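Next up, run05.cif (mmCIF, C-alpha atoms):
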```
data_start
#
loop_
_atom_site.label_atom_id
_atom_site.label_comp_id
_atom_site.auth_asym_id
_atom_site.auth_seq_id
_atom_site.Cartn_x
_atom_site.Cartn_y
_atom_site.Cartn_z
CA MET J 892 121.41 25.25 30.99
CA GLN J 893 118.64 24.62 28.45
CA LYS J 894 117.21 27.66 26.65
CA LYS J 895 113.71 27.08 28.02
CA ASN J 896 114.99 26.87 31.59
CA LEU J 897 117.19 29.93 31.10
CA GLU J 898 114.20 31.94 29.83
CA LYS J 899 112.32 30.90 32.96
CA ILE J 900 115.23 32.05 35.13
CA TYR J 901 115.17 35.43 33.35
CA ARG J 902 111.47 35.88 34.08
CA VAL J 903 111.98 34.97 37.74
CA ASN J 904 114.98 37.34 37.82
CA GLY J 905 112.58 40.09 36.80
CA ASP J 906 110.17 39.19 39.63
CA ILE J 907 112.93 39.10 42.25
CA LEU J 908 114.45 42.39 41.13
CA SER J 909 110.96 43.96 41.07
CA THR J 910 110.45 42.68 44.62
CA LEU J 911 113.75 44.12 45.84
CA ILE J 912 113.23 47.47 44.09
CA ALA J 913 109.69 47.87 45.48
CA SER J 914 110.86 46.77 48.95
CA ASP J 915 113.70 49.29 48.85
CA GLU J 916 111.24 52.04 47.93
CA ILE J 917 109.21 51.45 51.08
CA GLY J 918 112.36 51.43 53.21
CA TRP J 919 112.94 47.72 53.82
CA GLY J 920 116.49 47.76 52.46
CA SER J 921 117.21 44.03 52.49
CA VAL J 922 114.82 41.10 52.07
CA SER J 923 115.49 37.50 53.09
CA GLU J 924 115.11 34.64 50.62
CA LEU J 925 112.31 33.33 52.82
CA SER J 926 110.45 36.63 52.49
CA ILE J 927 110.96 36.62 48.72
CA GLN J 928 109.45 33.11 48.59
CA ARG J 929 106.40 34.27 50.52
CA ILE J 930 105.95 37.55 48.67
CA ILE J 931 105.99 35.91 45.25
CA TYR J 932 103.68 33.13 46.50
CA ILE J 933 101.20 35.73 47.72
CA SER J 934 101.55 37.61 44.42
CA THR J 935 100.80 34.41 42.49
CA VAL J 936 97.73 33.44 44.51
CA LEU J 937 96.24 36.93 44.71
CA PHE J 938 96.59 37.50 40.97
CA SER J 939 94.25 34.54 40.41
CA PHE J 940 91.88 36.05 42.96
CA ARG J 941 91.86 39.56 41.51
CA TYR J 942 91.63 38.52 37.87
CA GLU J 943 89.24 35.60 37.65
CA ASP J 944 89.14 35.35 33.85
CA LYS J 945 92.74 36.28 33.07
CA LYS J 946 95.75 34.02 32.63
CA ASN J 947 98.02 34.19 35.65
CA PRO J 948 101.49 35.21 34.33
CA PHE J 949 103.24 33.80 37.43
CA GLU J 950 101.68 30.36 37.33
CA GLU J 951 103.91 28.70 34.74
CA ASP J 952 107.16 29.74 36.43
CA TYR J 953 106.62 28.68 40.05
CA ASP J 954 106.06 25.16 41.37
CA TYR J 955 105.41 25.60 45.08
CA SER J 956 105.71 22.80 47.59
CA VAL J 957 105.10 22.68 51.34
CA SER J 958 107.88 23.38 53.81
CA LEU J 959 107.64 24.09 57.53
CA ARG J 960 108.71 27.68 56.82
CA GLY J 961 106.04 28.28 54.21
CA PRO J 962 105.50 27.69 50.49
CA TYR J 963 108.77 26.98 48.67
CA SER J 964 109.76 27.09 44.99
CA ASP J 965 113.25 25.91 44.05
CA ILE J 966 113.42 28.28 41.04
CA ILE J 967 113.84 31.22 43.44
CA PRO J 968 117.24 30.22 44.94
CA GLN J 969 118.40 29.34 41.41
CA SER J 970 117.47 32.81 40.24
CA LEU J 971 119.04 34.46 43.28
CA ASN J 972 122.30 32.63 42.63
CA PHE J 973 122.25 33.92 39.05
CA LEU J 974 121.64 37.51 40.23
CA ILE J 975 124.35 37.30 42.90
CA VAL J 976 126.95 35.82 40.53
CA ASN J 977 126.20 38.59 38.02
CA ASP J 978 126.45 41.26 40.75
CA TRP J 979 122.90 42.59 40.50
CA VAL J 980 122.10 41.38 44.01
CA ILE J 981 124.28 41.34 47.12
CA LEU J 982 123.79 38.79 49.88
CA SER J 983 124.35 40.38 53.29
CA SER J 984 123.84 39.11 56.84
CA GLU J 985 120.37 40.70 56.77
CA GLY J 986 119.26 39.29 53.45
CA CYS J 987 119.29 40.16 49.75
CA GLU J 988 119.98 43.72 48.62
CA LEU J 989 120.28 45.48 45.29
CA SER J 990 123.84 46.14 44.21
CA GLU J 991 125.01 49.46 42.83
CA ARG J 992 125.25 47.97 39.35
CA ASN J 993 122.76 49.39 36.83
CA MET J 994 119.74 47.13 36.52
CA PRO J 995 119.45 45.05 33.34
CA ASP J 996 116.82 46.00 30.73
CA MET J 997 113.94 43.68 31.56
CA SER J 998 111.28 45.41 29.46
CA ARG J 999 111.36 42.68 26.80
CA LEU J 1000 110.62 39.87 29.23
CA PRO J 1001 107.15 38.38 28.68
CA ASN J 1002 104.52 40.16 30.80
CA TYR J 1003 107.29 41.98 32.66
CA LEU J 1004 105.41 45.25 33.21
CA GLU J 1005 102.25 43.48 34.32
CA ARG J 1006 104.19 41.30 36.76
CA LYS J 1007 106.24 44.24 38.03
CA GLU J 1008 103.18 46.42 38.68
CA TRP J 1009 101.38 43.58 40.45
CA ILE J 1010 104.37 42.85 42.71
CA GLU J 1011 104.55 46.59 43.50
CA THR J 1012 100.88 46.42 44.52
CA ILE J 1013 101.52 43.45 46.81
CA ILE J 1014 104.55 45.17 48.39
CA TYR J 1015 102.37 48.26 48.92
CA ILE J 1016 99.86 46.10 50.84
CA LEU J 1017 102.67 44.47 52.80
CA GLY J 1018 103.95 47.91 53.72
CA ILE J 1019 100.55 48.87 55.12
CA TYR J 1020 99.83 45.76 57.16
CA GLY J 1021 103.35 44.62 57.95
CA GLU J 1022 105.15 41.44 57.00
CA GLU J 1023 104.11 39.43 60.03
CA LYS J 1024 100.39 39.96 59.50
CA ILE J 1025 100.60 39.02 55.84
CA TYR J 1026 102.73 36.00 56.69
CA ASP J 1027 100.14 34.95 59.24
CA PHE J 1028 97.75 34.97 56.30
CA VAL J 1029 100.14 32.71 54.34
CA PHE J 1030 100.26 30.11 57.12
CA ARG J 1031 96.48 30.19 57.47
CA ASP J 1032 96.18 29.96 53.70
CA PRO J 1033 93.58 27.18 53.14
CA GLN J 1034 95.44 25.61 50.20
CA TYR J 1035 98.77 25.58 52.05
CA GLN J 1036 97.14 24.16 55.17
CA ASP J 1037 95.39 21.47 53.14
CA ASN J 1038 98.72 20.26 51.73
CA LEU J 1039 100.42 20.54 55.12
CA GLN J 1040 97.76 18.62 57.07
CA ARG J 1041 97.68 15.84 54.48
CA ASN J 1042 101.48 15.78 54.56
CA SER J 1043 101.27 16.15 50.81
CA ILE J 1044 104.49 16.65 48.85
CA ARG J 1045 102.51 17.47 45.74
CA GLU J 1046 102.81 20.88 44.16
CA ILE J 1047 100.61 23.50 45.83
CA ASN J 1048 97.75 24.47 43.57
CA THR J 1049 98.07 28.18 42.69
CA THR J 1050 95.46 28.23 39.94
CA SER J 1051 92.19 30.12 40.14
CA HIS J 1052 90.57 26.90 41.44
CA ASN J 1053 92.71 26.52 44.57
CA LYS J 1054 91.12 26.56 48.02
CA THR J 1055 92.61 29.91 48.98
CA VAL J 1056 91.15 31.72 45.99
CA GLN J 1057 87.81 30.00 46.51
CA THR J 1058 87.77 31.12 50.15
CA LEU J 1059 88.71 34.68 49.27
CA ARG J 1060 86.00 34.81 46.62
CA LYS J 1061 83.36 33.73 49.12
CA MET J 1062 84.22 36.79 51.20
CA LYS J 1063 84.58 38.92 48.07
CA ILE J 1064 80.87 38.56 47.35
CA ALA J 1065 79.90 40.05 50.72
CA PHE J 1066 82.68 42.65 50.49
CA GLU J 1067 81.64 43.93 47.06
CA LYS J 1068 77.98 43.84 48.03
CA ALA J 1069 78.77 46.20 50.89
CA LEU J 1070 80.73 48.51 48.58
CA GLY J 1071 78.09 48.58 45.87
CA GLU J 1072 78.95 50.00 42.46
CA SER J 1073 82.08 51.74 43.77
CA ALA J 1074 83.87 48.33 43.91
CA SER J 1075 84.44 48.33 40.15
CA GLU J 1076 85.91 51.84 40.25
CA LEU J 1077 88.77 51.07 42.65
CA ASP J 1078 92.33 50.58 41.40
CA ASN J 1079 94.28 47.52 42.56
CA LYS J 1080 95.95 49.22 45.52
CA LYS J 1081 92.76 50.74 46.90
CA TYR J 1082 90.75 47.59 46.26
CA LEU J 1083 93.21 45.26 48.00
CA ASN J 1084 93.73 47.70 50.84
CA MET J 1085 90.01 47.81 51.60
CA TYR J 1086 89.57 44.12 50.93
CA PHE J 1087 92.29 43.07 53.35
CA ASP J 1088 90.80 45.27 56.03
CA TYR J 1089 87.77 43.04 55.58
CA VAL J 1090 89.75 39.80 55.20
CA PHE J 1091 91.87 40.30 58.31
CA SER J 1092 88.76 40.88 60.37
CA ARG J 1093 87.62 37.36 59.42
CA ILE J 1094 90.17 34.91 58.02
CA LEU J 1095 92.74 35.49 60.76
CA ARG J 1096 90.07 34.54 63.28
CA GLY J 1097 89.20 31.44 61.30
CA GLU J 1098 85.91 32.88 59.99
CA THR J 1099 86.13 31.76 56.37
CA ASP J 1100 82.57 30.67 55.67
#
```

Take the structure in the file and write it out as structure tokens.
Amino acid sequence: MQKKNLEKIYRVNGDILSTLIASDEIGWGSVSELSIQRIIYISTVLFSFRYEDKKNPFEEDYDYSVSLRGPYSDIIPQSLNFLIVNDWVILSSEGCELSERNMPDMSRLPNYLERKEWIETIIYILGIYGEEKIYDFVFRDPQYQDNLQRNSIREINTTSHNKTVQTLRKMKIAFEKALGESASELDNKKYLNMYFDYVFSRILRGETD
């Protein structure tokens, strides 16, 4: 395996282990590969939404395409295989679980802490609203739907200019206007919690304008 590709696998390893650790902390225990795909996709898209002028640390590592089960990146099963072979992750009938082996030191991975904390935030939101509601959001995701309806096999755009982020930002203007100055004082968890209360009252009913 080429060094560049191996470094990419290591970064994705960090994201998957962060996902499993955060999921375990909220009592999920095991997580399916499909759920990992969706969680990291949501993490990638929402980072571009939350930080408009900041480089998205997930963007270079994930090339998402359309599948009937949701956005799919082939780097994720590659990384999972690596983690399973090295006994950091166990594959059970219910999904992927952390093994009892001590976790590797991932602190030197590029942007590891930033990525880890963001994934923890997304898992926190998932824990509040439930997987099914968030996954409903994924399938109504304007960028995903655009690719699906055009039967496009091209990579799904996860940059800050994709249709999902543009749609969320339209609603963000009204949301932050209602909050006033307090919007800038909220941490990520509080902000996204309140924002998704607003989003789910509109986007899941098709009210995106």

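The coordinates place CA of Ile1016 (chain J) at 25.7 Å from CA of Ser984 (chain J).
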
**Report entry** Length of the CA of Phe1066 (chain J) to CA of Leu1017 (chain J) vector [Å]
**Finding:**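 Spanning CA of Phe1066 (chain J) to CA of Leu1017 (chain J) is a straight-line distance of 20.2 Å.
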
Report task. Name the residues in contact with Arg941 (chain J) at a cut-off of 10 Å, using only C-alpha atoms, excluding same-chain residues fewer than 2 positions from it; report them as a ChimeraX atom specification. Result -> /J:936-939,943-945,1051,1056,1059-1060,1063,1079,1082-1083

Query raised in the report: For Ile907 (chain J), which of J:Glu1067, J:Glu1023, J:Asp978, J:Glu924 is the closest residue, counting all atoms listed in the file?
Result: J:Glu924

Query raised in the report: What residues come out when you apply the PyMOL selection byres ((chain J and resi 1013) around 9) to this file, written as a count of residues only?
Result: 17

Requested in this report: Could you jot down the CA of Arg1006 (chain J) to CA of Tyr1086 (chain J) separation for me, Å, one decimal place?
Outcome: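 If I compute the distance from CA of Arg1006 (chain J) to CA of Tyr1086 (chain J), I get 20.6 Å.
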
Query raised in the report: Could you spell out the hits of the PyMOL selection byres ((chain J and resi 905) around 9) on the shown file, as a list in words?
Result: Ile900, Tyr901, Arg902, Val903, Asn904, Asp906, Ile907, Leu908, Ser909, Thr910, Met997, Leu1000, Tyr1003, Arg1006 and Lys1007 of chain J
